[in-house]
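Peer 1: This is the content of my_file.pdb (PDB, C-alpha atoms, pLDDT in the B column):
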ATOM      1  CA  MET A 196      31.615  20.512  17.749  1.00 54.00           C
ATOM      2  CA  PRO A 197      27.873  20.161  17.091  1.00 61.00           C
ATOM      3  CA  ALA A 198      26.688  16.800  15.800  1.00 59.00           C
ATOM      4  CA  LYS A 199      25.543  18.334  12.522  1.00 53.00           C
ATOM      5  CA  SER A 200      28.985  19.849  11.908  1.00 58.00           C
ATOM      6  CA  LYS A 201      30.658  16.537  12.692  1.00 52.00           C
ATOM      7  CA  LEU A 202      28.409  14.777  10.187  1.00 52.00           C
ATOM      8  CA  LEU A 203      29.202  17.314   7.456  1.00 54.00           C
ATOM      9  CA  LEU A 204      32.934  17.035   8.153  1.00 57.00           C
ATOM     10  CA  HIS A 205      32.708  13.236   7.994  1.00 57.00           C
ATOM     11  CA  LEU A 206      30.902  13.344   4.654  1.00 56.00           C
ATOM     12  CA  HIS A 207      33.447  15.818   3.271  1.00 59.00           C
ATOM     13  CA  ASN A 208      36.386  13.610   4.315  1.00 60.00           C
ATOM     14  CA  LYS A 209      34.677  10.554   2.869  1.00 57.00           C
ATOM     15  CA  LYS A 210      34.272  12.295  -0.503  1.00 57.00           C
ATOM     16  CA  SER A 211      37.897  13.441  -0.419  1.00 55.00           C
ATOM     17  CA  GLN A 212      39.076   9.871   0.098  1.00 54.00           C
ATOM     18  CA  LYS A 213      37.324   8.609  -3.030  1.00 53.00           C
ATOM     19  CA  LYS A 214      39.717   7.779  -5.809  1.00 56.00           C
ATOM     20  CA  VAL A 215      39.486  10.027  -8.816  1.00 54.00           C
ATOM     21  CA  SER A 216      38.823   7.860 -11.855  1.00 57.00           C
ATOM     22  CA  LYS A 217      41.427   8.189 -14.570  1.00 61.00           C
ATOM     23  CA  ARG A 218      40.296   9.122 -18.050  1.00 60.00           C
ATOM     24  CA  THR A 219      40.896   6.333 -20.530  1.00 67.00           C
ATOM     25  CA  LEU A 220      41.371   7.005 -24.227  1.00 66.00           C
ATOM     26  CA  ASN A 221      39.695   4.925 -26.869  1.00 79.00           C
ATOM     27  CA  PRO A 222      42.454   2.610 -28.245  1.00 84.00           C
ATOM     28  CA  GLU A 223      41.266   3.395 -31.774  1.00 84.00           C
ATOM     29  CA  PHE A 224      41.801   7.107 -31.170  1.00 89.00           C
ATOM     30  CA  THR A 225      45.292   6.413 -29.843  1.00 88.00           C
ATOM     31  CA  THR A 226      46.046   4.329 -32.937  1.00 88.00           C
ATOM     32  CA  ALA A 227      44.872   7.163 -35.199  1.00 89.00           C
ATOM     33  CA  ILE A 228      47.057   9.710 -33.406  1.00 91.00           C
ATOM     34  CA  ARG A 229      50.151   7.499 -33.594  1.00 90.00           C
ATOM     35  CA  ALA A 230      49.575   6.741 -37.270  1.00 90.00           C
ATOM     36  CA  ALA A 231      49.068  10.436 -38.039  1.00 91.00           C
ATOM     37  CA  LYS A 232      52.503  11.178 -36.595  1.00 91.00           C
ATOM     38  CA  LEU A 233      53.983   8.771 -39.136  1.00 90.00           C
ATOM     39  CA  ILE A 234      51.963   9.766 -42.180  1.00 92.00           C
ATOM     40  CA  ARG A 235      52.435  13.508 -41.677  1.00 91.00           C
ATOM     41  CA  VAL A 236      56.061  12.898 -42.708  1.00 91.00           C
ATOM     42  CA  CYS A 237      54.626  13.197 -46.235  1.00 91.00           C
ATOM     43  CA  ALA A 238      54.021  16.864 -45.443  1.00 92.00           C
ATOM     44  CA  ALA A 239      57.256  17.495 -43.555  1.00 91.00           C
ATOM     45  CA  LEU A 240      58.179  20.317 -45.948  1.00 91.00           C
ATOM     46  CA  MET A 241      54.975  22.221 -45.161  1.00 92.00           C
ATOM     47  CA  LYS A 242      54.778  24.764 -42.354  1.00 90.00           C
ATOM     48  CA  PRO A 243      53.831  23.157 -38.981  1.00 88.00           C
ATOM     49  CA  ASP A 244      50.093  23.265 -38.390  1.00 88.00           C
ATOM     50  CA  ARG A 245      48.362  21.499 -35.499  1.00 91.00           C
ATOM     51  CA  SER A 246      44.965  21.762 -37.173  1.00 92.00           C
ATOM     52  CA  ARG A 247      46.360  19.866 -40.170  1.00 91.00           C
ATOM     53  CA  PHE A 248      47.603  17.117 -37.836  1.00 93.00           C
ATOM     54  CA  HIS A 249      44.235  16.783 -36.060  1.00 93.00           C
ATOM     55  CA  ARG A 250      42.438  16.700 -39.409  1.00 94.00           C
ATOM     56  CA  LEU A 251      44.709  13.848 -40.514  1.00 94.00           C
ATOM     57  CA  ALA A 252      44.083  11.918 -37.278  1.00 93.00           C
ATOM     58  CA  LYS A 253      40.320  12.397 -37.704  1.00 94.00           C
ATOM     59  CA  PHE A 254      40.538  11.163 -41.308  1.00 94.00           C
ATOM     60  CA  ILE A 255      42.396   8.031 -40.184  1.00 92.00           C
ATOM     61  CA  LEU A 256      39.884   7.363 -37.406  1.00 92.00           C
ATOM     62  CA  HIS A 257      36.761   7.777 -39.513  1.00 92.00           C
ATOM     63  CA  HIS A 258      37.854   6.391 -42.878  1.00 92.00           C
ATOM     64  CA  VAL A 259      40.678   3.914 -42.309  1.00 92.00           C
ATOM     65  CA  ILE A 260      40.051   2.460 -38.848  1.00 91.00           C
ATOM     66  CA  HIS A 261      36.267   2.317 -39.332  1.00 91.00           C
ATOM     67  CA  ALA A 262      36.877   0.312 -42.509  1.00 90.00           C
ATOM     68  CA  ASP A 263      38.202  -2.552 -40.371  1.00 89.00           C
ATOM     69  CA  THR A 264      35.346  -5.073 -40.225  1.00 91.00           C
ATOM     70  CA  PHE A 265      37.466  -7.884 -38.791  1.00 90.00           C
ATOM     71  CA  HIS A 266      37.737  -6.501 -35.261  1.00 87.00           C
ATOM     72  CA  LYS A 267      35.005  -5.322 -32.917  1.00 88.00           C
ATOM     73  CA  THR A 268      34.387  -1.650 -32.186  1.00 88.00           C
ATOM     74  CA  GLY A 269      37.020  -0.289 -29.822  1.00 86.00           C
ATOM     75  CA  GLU A 270      39.636  -2.723 -31.110  1.00 85.00           C
ATOM     76  CA  ARG A 271      39.664  -1.841 -34.808  1.00 87.00           C
ATOM     77  CA  GLN A 272      43.037  -1.322 -36.426  1.00 89.00           C
ATOM     78  CA  ILE A 273      44.684   0.188 -39.482  1.00 87.00           C
ATOM     79  CA  LEU A 274      44.798  -2.607 -42.043  1.00 85.00           C
ATOM     80  CA  ILE A 275      47.132  -2.434 -45.032  1.00 84.00           C
ATOM     81  CA  GLU A 276      44.295  -3.187 -47.448  1.00 86.00           C
ATOM     82  CA  ASN A 277      42.440  -0.081 -46.233  1.00 90.00           C
ATOM     83  CA  LEU A 278      45.295   2.344 -46.846  1.00 89.00           C
ATOM     84  CA  LYS A 279      43.919   3.014 -50.348  1.00 90.00           C
ATOM     85  CA  PHE A 280      41.611   5.517 -48.647  1.00 92.00           C
ATOM     86  CA  PHE A 281      44.620   7.846 -48.583  1.00 93.00           C
ATOM     87  CA  GLU A 282      44.869   8.142 -52.357  1.00 91.00           C
ATOM     88  CA  GLY A 283      43.946  11.709 -53.192  1.00 92.00           C
ATOM     89  CA  TYR A 284      44.352  12.961 -49.604  1.00 94.00           C
ATOM     90  CA  GLU A 285      45.181  16.689 -49.513  1.00 95.00           C
ATOM     91  CA  PHE A 286      47.106  17.870 -46.450  1.00 95.00           C
ATOM     92  CA  ASP A 287      45.661  21.369 -46.797  1.00 93.00           C
ATOM     93  CA  PRO A 288      42.196  21.525 -48.405  1.00 91.00           C
ATOM     94  CA  ASP A 289      42.596  25.308 -48.804  1.00 91.00           C
ATOM     95  CA  HIS A 290      45.767  24.847 -50.884  1.00 91.00           C
ATOM     96  CA  GLN A 291      45.245  21.794 -53.036  1.00 92.00           C
ATOM     97  CA  VAL A 292      47.842  20.491 -55.473  1.00 91.00           C
ATOM     98  CA  SER A 293      45.273  20.861 -58.270  1.00 89.00           C
ATOM     99  CA  ASN A 294      45.410  24.638 -57.711  1.00 89.00           C
ATOM    100  CA  TYR A 295      49.025  24.579 -58.909  1.00 89.00           C
ATOM    101  CA  ILE A 296      49.126  21.560 -61.196  1.00 86.00           C
ATOM    102  CA  PRO A 297      45.632  21.355 -62.712  1.00 76.00           C
ATOM    103  CA  ALA A 298      46.260  18.333 -64.934  1.00 71.00           C
ATOM    104  CA  GLY A 299      48.813  16.215 -66.706  1.00 70.00           C
ATOM    105  CA  ILE A 300      50.342  14.237 -63.798  1.00 76.00           C
ATOM    106  CA  ILE A 301      51.475  10.837 -65.068  1.00 71.00           C
ATOM    107  CA  THR A 302      52.770   8.261 -62.588  1.00 77.00           C
ATOM    108  CA  GLY A 303      54.413   4.910 -63.174  1.00 75.00           C
ATOM    109  CA  ILE A 304      55.299   2.137 -60.748  1.00 72.00           C
ATOM    110  CA  ASP A 305      57.891  -0.481 -61.593  1.00 71.00           C
ATOM    111  CA  ASN A 306      61.339  -0.823 -60.008  1.00 71.00           C
ATOM    112  CA  LYS A 307      61.054   2.961 -59.761  1.00 79.00           C
ATOM    113  CA  ILE A 308      58.181   5.278 -58.980  1.00 82.00           C
ATOM    114  CA  THR A 309      58.180   8.003 -61.617  1.00 83.00           C
ATOM    115  CA  LEU A 310      56.335  11.269 -61.994  1.00 81.00           C
ATOM    116  CA  THR A 311      55.995  13.235 -65.227  1.00 85.00           C
ATOM    117  CA  ILE A 312      54.327  16.652 -65.503  1.00 82.00           C
ATOM    118  CA  PRO A 313      54.171  18.846 -68.642  1.00 79.00           C
ATOM    119  CA  SER A 314      55.833  22.135 -67.695  1.00 74.00           C
ATOM    120  CA  ASP A 315      53.014  24.134 -69.258  1.00 76.00           C
ATOM    121  CA  GLN A 316      50.617  22.591 -66.724  1.00 79.00           C
ATOM    122  CA  ILE A 317      52.295  24.280 -63.759  1.00 84.00           C
ATOM    123  CA  GLY A 318      50.131  27.050 -62.307  1.00 85.00           C
ATOM    124  CA  TRP A 319      52.193  29.929 -60.973  1.00 85.00           C
ATOM    125  CA  GLN A 320      51.527  31.924 -57.837  1.00 84.00           C
ATOM    126  CA  VAL A 321      51.435  35.699 -58.188  1.00 82.00           C
ATOM    127  CA  HIS A 322      54.805  37.396 -57.639  1.00 85.00           C
ATOM    128  CA  THR A 323      56.829  34.165 -57.561  1.00 89.00           C
ATOM    129  CA  ALA A 324      59.763  33.472 -59.843  1.00 90.00           C
ATOM    130  CA  TYR A 325      60.646  29.823 -59.196  1.00 92.00           C
ATOM    131  CA  CYS A 326      58.843  26.541 -58.628  1.00 91.00           C
ATOM    132  CA  LYS A 327      60.048  23.181 -57.336  1.00 91.00           C
ATOM    133  CA  ILE A 328      58.117  19.907 -57.508  1.00 91.00           C
ATOM    134  CA  ILE A 329      58.939  17.163 -55.017  1.00 91.00           C
ATOM    135  CA  LEU A 330      58.126  13.457 -55.060  1.00 89.00           C
ATOM    136  CA  LEU A 331      58.138  11.668 -51.716  1.00 88.00           C
ATOM    137  CA  GLY A 332      57.849   8.038 -50.722  1.00 87.00           C
ATOM    138  CA  VAL A 333      57.096   7.297 -47.070  1.00 88.00           C
ATOM    139  CA  GLY A 334      57.269   3.742 -45.799  1.00 86.00           C
ATOM    140  CA  ILE A 335      55.601   3.062 -42.472  1.00 84.00           C
ATOM    141  CA  ASP A 336      55.748   0.122 -40.094  1.00 83.00           C
ATOM    142  CA  LEU A 337      52.483   0.029 -38.157  1.00 80.00           C
ATOM    143  CA  ALA A 338      53.852  -2.597 -35.775  1.00 80.00           C
ATOM    144  CA  SER A 339      56.868  -0.616 -34.574  1.00 82.00           C
ATOM    145  CA  TYR A 340      55.488   2.818 -35.527  1.00 83.00           C
ATOM    146  CA  THR A 341      58.594   3.798 -37.445  1.00 85.00           C
ATOM    147  CA  SER A 342      58.915   5.369 -40.864  1.00 85.00           C
ATOM    148  CA  THR A 343      61.447   5.768 -43.645  1.00 87.00           C
ATOM    149  CA  THR A 344      61.455   8.406 -46.350  1.00 87.00           C
ATOM    150  CA  THR A 345      62.867   8.644 -49.843  1.00 86.00           C
ATOM    151  CA  SER A 346      62.487  11.678 -52.064  1.00 87.00           C
ATOM    152  CA  GLY A 347      63.412  13.292 -55.339  1.00 88.00           C
ATOM    153  CA  SER A 348      62.783  16.717 -56.757  1.00 88.00           C
ATOM    154  CA  THR A 349      63.290  19.014 -59.701  1.00 87.00           C
ATOM    155  CA  ALA A 350      65.768  21.830 -59.616  1.00 87.00           C
ATOM    156  CA  TRP A 351      64.145  25.239 -59.186  1.00 89.00           C
ATOM    157  CA  ILE A 352      62.147  25.866 -62.378  1.00 88.00           C
ATOM    158  CA  ALA A 353      62.260  29.486 -63.518  1.00 88.00           C
ATOM    159  CA  ARG A 354      58.959  31.087 -64.395  1.00 84.00           C
ATOM    160  CA  SER A 355      60.602  32.631 -67.442  1.00 79.00           C
ATOM    161  CA  ASP A 356      61.588  29.222 -68.817  1.00 74.00           C
ATOM    162  CA  LEU A 357      58.423  28.659 -70.813  1.00 59.00           C
ATOM    163  CA  GLN A 358      60.058  26.169 -73.190  1.00 59.00           C
ATOM    164  CA  ALA A 359      61.034  23.663 -70.496  1.00 61.00           C
ATOM    165  CA  GLY A 360      60.316  20.019 -71.251  1.00 66.00           C
ATOM    166  CA  PRO A 361      58.207  17.739 -69.050  1.00 75.00           C
ATOM    167  CA  VAL A 362      59.185  17.523 -65.377  1.00 77.00           C
ATOM    168  CA  TYR A 363      60.443  14.033 -64.578  1.00 81.00           C
ATOM    169  CA  ILE A 364      61.224  12.666 -61.103  1.00 81.00           C
ATOM    170  CA  GLU A 365      61.875   9.125 -59.881  1.00 81.00           C
ATOM    171  CA  ILE A 366      62.404   7.402 -56.524  1.00 79.00           C
ATOM    172  CA  ASN A 367      63.147   3.824 -55.534  1.00 75.00           C
ATOM    173  CA  ASN A 368      60.286   1.374 -55.074  1.00 71.00           C
ATOM    174  CA  ASP A 369      61.599  -1.184 -52.600  1.00 69.00           C
ATOM    175  CA  GLN A 370      59.177  -0.912 -49.660  1.00 67.00           C
ATOM    176  CA  PRO A 371      55.521  -0.113 -48.894  1.00 61.00           C
ATOM    177  CA  LEU A 372      55.087   3.551 -49.626  1.00 76.00           C
ATOM    178  CA  PHE A 373      52.743   6.463 -49.469  1.00 88.00           C
ATOM    179  CA  VAL A 374      53.584   8.365 -52.627  1.00 89.00           C
ATOM    180  CA  ALA A 375      53.089  12.109 -52.283  1.00 91.00           C
ATOM    181  CA  ILE A 376      53.678  15.149 -54.437  1.00 92.00           C
ATOM    182  CA  GLY A 377      54.636  18.542 -53.044  1.00 93.00           C
ATOM    183  CA  VAL A 378      54.723  21.947 -54.761  1.00 93.00           C
ATOM    184  CA  ALA A 379      56.913  24.844 -53.567  1.00 94.00           C
ATOM    185  CA  TYR A 380      57.367  28.406 -54.821  1.00 93.00           C
ATOM    186  CA  THR A 381      59.938  31.070 -54.032  1.00 92.00           C
ATOM    187  CA  ASN A 382      61.654  34.232 -55.214  1.00 92.00           C
ATOM    188  CA  ASP A 383      64.916  33.241 -53.525  1.00 90.00           C
ATOM    189  CA  THR A 384      66.302  29.818 -54.419  1.00 90.00           C
ATOM    190  CA  ALA A 385      68.713  29.991 -51.467  1.00 90.00           C
ATOM    191  CA  SER A 386      65.858  30.024 -48.940  1.00 87.00           C
ATOM    192  CA  ALA A 387      64.532  26.917 -47.215  1.00 89.00           C
ATOM    193  CA  ILE A 388      62.004  24.895 -49.200  1.00 91.00           C
ATOM    194  CA  THR A 389      58.415  25.258 -48.029  1.00 92.00           C
ATOM    195  CA  CYS A 390      55.660  23.410 -49.859  1.00 93.00           C
ATOM    196  CA  GLN A 391      52.421  25.274 -50.459  1.00 93.00           C
ATOM    197  CA  ALA A 392      50.571  22.019 -51.163  1.00 94.00           C
ATOM    198  CA  VAL A 393      51.119  18.290 -50.620  1.00 95.00           C
ATOM    199  CA  LYS A 394      48.901  15.462 -51.813  1.00 94.00           C
ATOM    200  CA  ILE A 395      49.118  11.671 -51.495  1.00 93.00           C
ATOM    201  CA  ILE A 396      48.767  10.460 -55.068  1.00 89.00           C
ATOM    202  CA  GLY A 397      49.197   6.742 -54.493  1.00 86.00           C
ATOM    203  CA  VAL A 398      49.591   3.928 -51.992  1.00 87.00           C
ATOM    204  CA  ASN A 399      52.035   1.318 -53.177  1.00 79.00           C
ATOM    205  CA  LYS A 400      52.869  -1.921 -51.344  1.00 66.00           C
ATOM    206  CA  GLY A 401      56.333  -2.103 -52.900  1.00 56.00           C
ATOM    207  CA  ASN A 402      58.084  -5.051 -54.484  1.00 54.00           C
TER     208      ASN A 402
END
Rewrite the structure of this file - the entire thing - as structure tokens.

Peer 2:
Amino acid sequence: MPAKSKLLLHLHNKKSQKKVSKRTLNPEFTTAIRAAKLIRVCAALMKPDRSRFHRLAKFILHHVIHADTFHKTGERQILIENLKFFEGYEFDPDHQVSNYIPAGIITGIDNKITLTIPSDQIGWQVHTAYCKIILLGVGIDLASYTSTTTSGSTAWIARSDLQAGPVYIEINNDQPLFVAIGVAYTNDTASAITCQAVKIIGVNKGN
């Protein structure tokens, strides 16, 4: 084998023996992804959507983790006092709760979390006969990355029932919670519930 060929083969083998460096993820990004998996439980009754999940993770990274001024960049965390950033968070900006319930939401926090909505404030989708409003409380443990959920809902409200009184829902308030509201519509009350819109309306640290 010519000397030049031997040299090229040697250089090729030397390159092949180099260890391929492993890609390392930013710990803050990993934290955002893991937290998003917990918080998306608020929108569990919506249709699965990966883009919605990535949008949530991006929101956590840029608004909640970046709000941590106690740790240096690369080691910032999700601090309980910064969870207020979630108040008003819409899981689908194209289908916001305000499109269906424009006004009149009244919330109360005591031993119970309550939600009251005047029935005449419900905005109806075209060609739908029934509406259901759901109140969810999601408690998360950022240390163990576990979550618990409590929920309450109305019965299916008929579009023809124009004289219905205010919608009232309550859930227990015994743990830190994301409080979310979901709105679902259907023509068949026997079908599975699918929310068209879900919004986090409060962050409550519990009793």

Peer 1: On this structure, the PyMOL selection byres ((chain A and resi 319) around 12) would catch which residues? List them as number ranges by chain, sorted by chain and number.

Peer 2: A: 292-297, 314-318, 320-327, 352-355, 357, 378-382, 391

Peer 1: Check which residues satisfy the PyMOL selection byres ((chain A and resi 266-281) around 12) in the file shown, then give them as a compact mmCIF listing (two decimals) with C-alpha atoms, in the coordinates of the input.

Peer 2:
# COMPACT_ATOMS: atom_id res chain seq x y z
CA LEU A 220 41.37 7.00 -24.23
CA ASN A 221 39.70 4.92 -26.87
CA PRO A 222 42.45 2.61 -28.24
CA GLU A 223 41.27 3.40 -31.77
CA PHE A 224 41.80 7.11 -31.17
CA THR A 225 45.29 6.41 -29.84
CA THR A 226 46.05 4.33 -32.94
CA ALA A 227 44.87 7.16 -35.20
CA ILE A 228 47.06 9.71 -33.41
CA ARG A 229 50.15 7.50 -33.59
CA ALA A 230 49.58 6.74 -37.27
CA ALA A 231 49.07 10.44 -38.04
CA ILE A 234 51.96 9.77 -42.18
CA ARG A 235 52.44 13.51 -41.68
CA CYS A 237 54.63 13.20 -46.24
CA LEU A 251 44.71 13.85 -40.51
CA ALA A 252 44.08 11.92 -37.28
CA PHE A 254 40.54 11.16 -41.31
CA ILE A 255 42.40 8.03 -40.18
CA LEU A 256 39.88 7.36 -37.41
CA HIS A 257 36.76 7.78 -39.51
CA HIS A 258 37.85 6.39 -42.88
CA VAL A 259 40.68 3.91 -42.31
CA ILE A 260 40.05 2.46 -38.85
CA HIS A 261 36.27 2.32 -39.33
CA ALA A 262 36.88 0.31 -42.51
CA ASP A 263 38.20 -2.55 -40.37
CA THR A 264 35.35 -5.07 -40.22
CA PHE A 265 37.47 -7.88 -38.79
CA GLU A 282 44.87 8.14 -52.36
CA GLY A 283 43.95 11.71 -53.19
CA TYR A 284 44.35 12.96 -49.60
CA GLU A 285 45.18 16.69 -49.51
CA PHE A 286 47.11 17.87 -46.45
CA GLY A 334 57.27 3.74 -45.80
CA ILE A 335 55.60 3.06 -42.47
CA ASP A 336 55.75 0.12 -40.09
CA LEU A 337 52.48 0.03 -38.16
CA ALA A 338 53.85 -2.60 -35.78
CA TYR A 340 55.49 2.82 -35.53
CA PRO A 371 55.52 -0.11 -48.89
CA LEU A 372 55.09 3.55 -49.63
CA PHE A 373 52.74 6.46 -49.47
CA VAL A 374 53.58 8.36 -52.63
CA ALA A 375 53.09 12.11 -52.28
CA LYS A 394 48.90 15.46 -51.81
CA ILE A 395 49.12 11.67 -51.50
CA ILE A 396 48.77 10.46 -55.07
CA GLY A 397 49.20 6.74 -54.49
CA VAL A 398 49.59 3.93 -51.99
CA ASN A 399 52.04 1.32 -53.18
CA LYS A 400 52.87 -1.92 -51.34

Peer 1: Could you state the separation of CA of Ile329 (chain A) and CA of Ser342 (chain A) in Å, given to one decimal place?

Peer 2: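 That distance, rounded to one decimal, is 18.4 Å.
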
Peer 1: Using Å and a single decimal, report how far CA of Asn367 (chain A) sits from CA of Gly347 (chain A).

Peer 2: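 These two atoms are separated by 9.5 Å.
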
Peer 1: Taking the file as shown, what set of residues would the PyMOL selection byres ((chain A and resi 304) around 10) give back, as a PDB file with C-alpha atoms, in the coordinates of the input?

Peer 2:
ATOM      1  CA  THR A 302      52.770   8.261 -62.588  1.00 77.00           C
ATOM      2  CA  GLY A 303      54.413   4.910 -63.174  1.00 75.00           C
ATOM      3  CA  ASP A 305      57.891  -0.481 -61.593  1.00 71.00           C
ATOM      4  CA  ASN A 306      61.339  -0.823 -60.008  1.00 71.00           C
ATOM      5  CA  LYS A 307      61.054   2.961 -59.761  1.00 79.00           C
ATOM      6  CA  ILE A 308      58.181   5.278 -58.980  1.00 82.00           C
ATOM      7  CA  THR A 309      58.180   8.003 -61.617  1.00 83.00           C
ATOM      8  CA  LEU A 310      56.335  11.269 -61.994  1.00 81.00           C
ATOM      9  CA  GLU A 365      61.875   9.125 -59.881  1.00 81.00           C
ATOM     10  CA  ILE A 366      62.404   7.402 -56.524  1.00 79.00           C
ATOM     11  CA  ASN A 367      63.147   3.824 -55.534  1.00 75.00           C
ATOM     12  CA  ASN A 368      60.286   1.374 -55.074  1.00 71.00           C
ATOM     13  CA  GLY A 397      49.197   6.742 -54.493  1.00 86.00           C
ATOM     14  CA  ASN A 399      52.035   1.318 -53.177  1.00 79.00           C
ATOM     15  CA  GLY A 401      56.333  -2.103 -52.900  1.00 56.00           C
ATOM     16  CA  ASN A 402      58.084  -5.051 -54.484  1.00 54.00           C
TER      17      ASN A 402
END

Peer 1: Suppose you want the space between CA of Tyr363 (chain A) and CA of Thr344 (chain A); what is it in Å?

Peer 2: 19.1 Å

Peer 1: If we count all atoms listed in the file, what is near Pro243 (chain A) at a cut-off of 12 Å, once residues fewer than 3 positions away on the same chain are taken out, given as a PDB file with C-alpha atoms, in the frame of the given file?

Peer 2:
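To be explicit, this is the file written out as part14.pdb:
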ATOM      1  CA  ARG A 235      52.435  13.508 -41.677  1.00 91.00           C
ATOM      2  CA  VAL A 236      56.061  12.898 -42.708  1.00 91.00           C
ATOM      3  CA  ALA A 238      54.021  16.864 -45.443  1.00 92.00           C
ATOM      4  CA  ALA A 239      57.256  17.495 -43.555  1.00 91.00           C
ATOM      5  CA  LEU A 240      58.179  20.317 -45.948  1.00 91.00           C
ATOM      6  CA  SER A 246      44.965  21.762 -37.173  1.00 92.00           C
ATOM      7  CA  ARG A 247      46.360  19.866 -40.170  1.00 91.00           C
ATOM      8  CA  PHE A 248      47.603  17.117 -37.836  1.00 93.00           C
ATOM      9  CA  HIS A 249      44.235  16.783 -36.060  1.00 93.00           C
ATOM     10  CA  PHE A 286      47.106  17.870 -46.450  1.00 95.00           C
ATOM     11  CA  ASP A 287      45.661  21.369 -46.797  1.00 93.00           C
ATOM     12  CA  THR A 389      58.415  25.258 -48.029  1.00 92.00           C
ATOM     13  CA  CYS A 390      55.660  23.410 -49.859  1.00 93.00           C
ATOM     14  CA  GLN A 391      52.421  25.274 -50.459  1.00 93.00           C
TER      15      GLN A 391
END

Peer 1: To box region 308-324 of chain A, take all atoms listed in the file, fit an axis-aligned box, add 8 Å on each side, and give centre and edge lengths in Å to one decimal, as AutoDock Vina command-line options.

Peer 2:
--center_x 54.9 --center_y 21.3 --center_z -63.4 --size_x 25.6 --size_y 48.1 --size_z 27.7

Peer 1: If we count all atoms listed in the file, what is near Ile312 (chain A) at a cut-off of 7 Å, once residues fewer than 5 positions away on the same chain are taken out, given as a PyMOL selection string?

Peer 2: chain A and resi 299-301+361-363

Peer 1: For region 336-349 of chain A, supply N, CA and C atoms and report the output as a tab-separated table (two decimals), in the coordinates of the input.

Peer 2:
chain	number	residue	atom	x	y	z
A	336	ASP	N	55.88	1.41	-40.75
A	336	ASP	CA	55.75	0.12	-40.09
A	336	ASP	C	54.76	0.32	-38.96
A	337	LEU	N	53.53	-0.18	-39.14
A	337	LEU	CA	52.48	0.03	-38.16
A	337	LEU	C	52.67	-0.82	-36.91
A	338	ALA	N	53.58	-1.79	-36.96
A	338	ALA	CA	53.85	-2.60	-35.78
A	338	ALA	C	54.81	-1.88	-34.83
A	339	SER	N	55.88	-1.31	-35.40
A	339	SER	CA	56.87	-0.62	-34.57
A	339	SER	C	56.68	0.90	-34.57
A	340	TYR	N	55.75	1.38	-35.38
A	340	TYR	CA	55.49	2.82	-35.53
A	340	TYR	C	56.77	3.58	-35.86
A	341	THR	N	57.42	3.11	-36.91
A	341	THR	CA	58.59	3.80	-37.44
A	341	THR	C	58.34	4.09	-38.92
A	342	SER	N	59.10	5.02	-39.46
A	342	SER	CA	58.92	5.37	-40.86
A	342	SER	C	60.26	5.60	-41.54
A	343	THR	N	60.27	5.45	-42.84
A	343	THR	CA	61.45	5.77	-43.64
A	343	THR	C	60.97	6.62	-44.82
A	344	THR	N	61.84	7.48	-45.29
A	344	THR	CA	61.46	8.41	-46.35
A	344	THR	C	62.48	8.40	-47.47
A	345	THR	N	62.01	8.43	-48.69
A	345	THR	CA	62.87	8.64	-49.84
A	345	THR	C	62.24	9.76	-50.67
A	346	SER	N	63.06	10.56	-51.33
A	346	SER	CA	62.49	11.68	-52.06
A	346	SER	C	63.34	12.04	-53.27
A	347	GLY	N	62.74	12.73	-54.18
A	347	GLY	CA	63.41	13.29	-55.34
A	347	GLY	C	62.72	14.58	-55.71
A	348	SER	N	63.41	15.45	-56.41
A	348	SER	CA	62.78	16.72	-56.76
A	348	SER	C	63.41	17.29	-58.02
A	349	THR	N	62.73	18.26	-58.59
A	349	THR	CA	63.29	19.01	-59.70
A	349	THR	C	64.27	20.03	-59.13
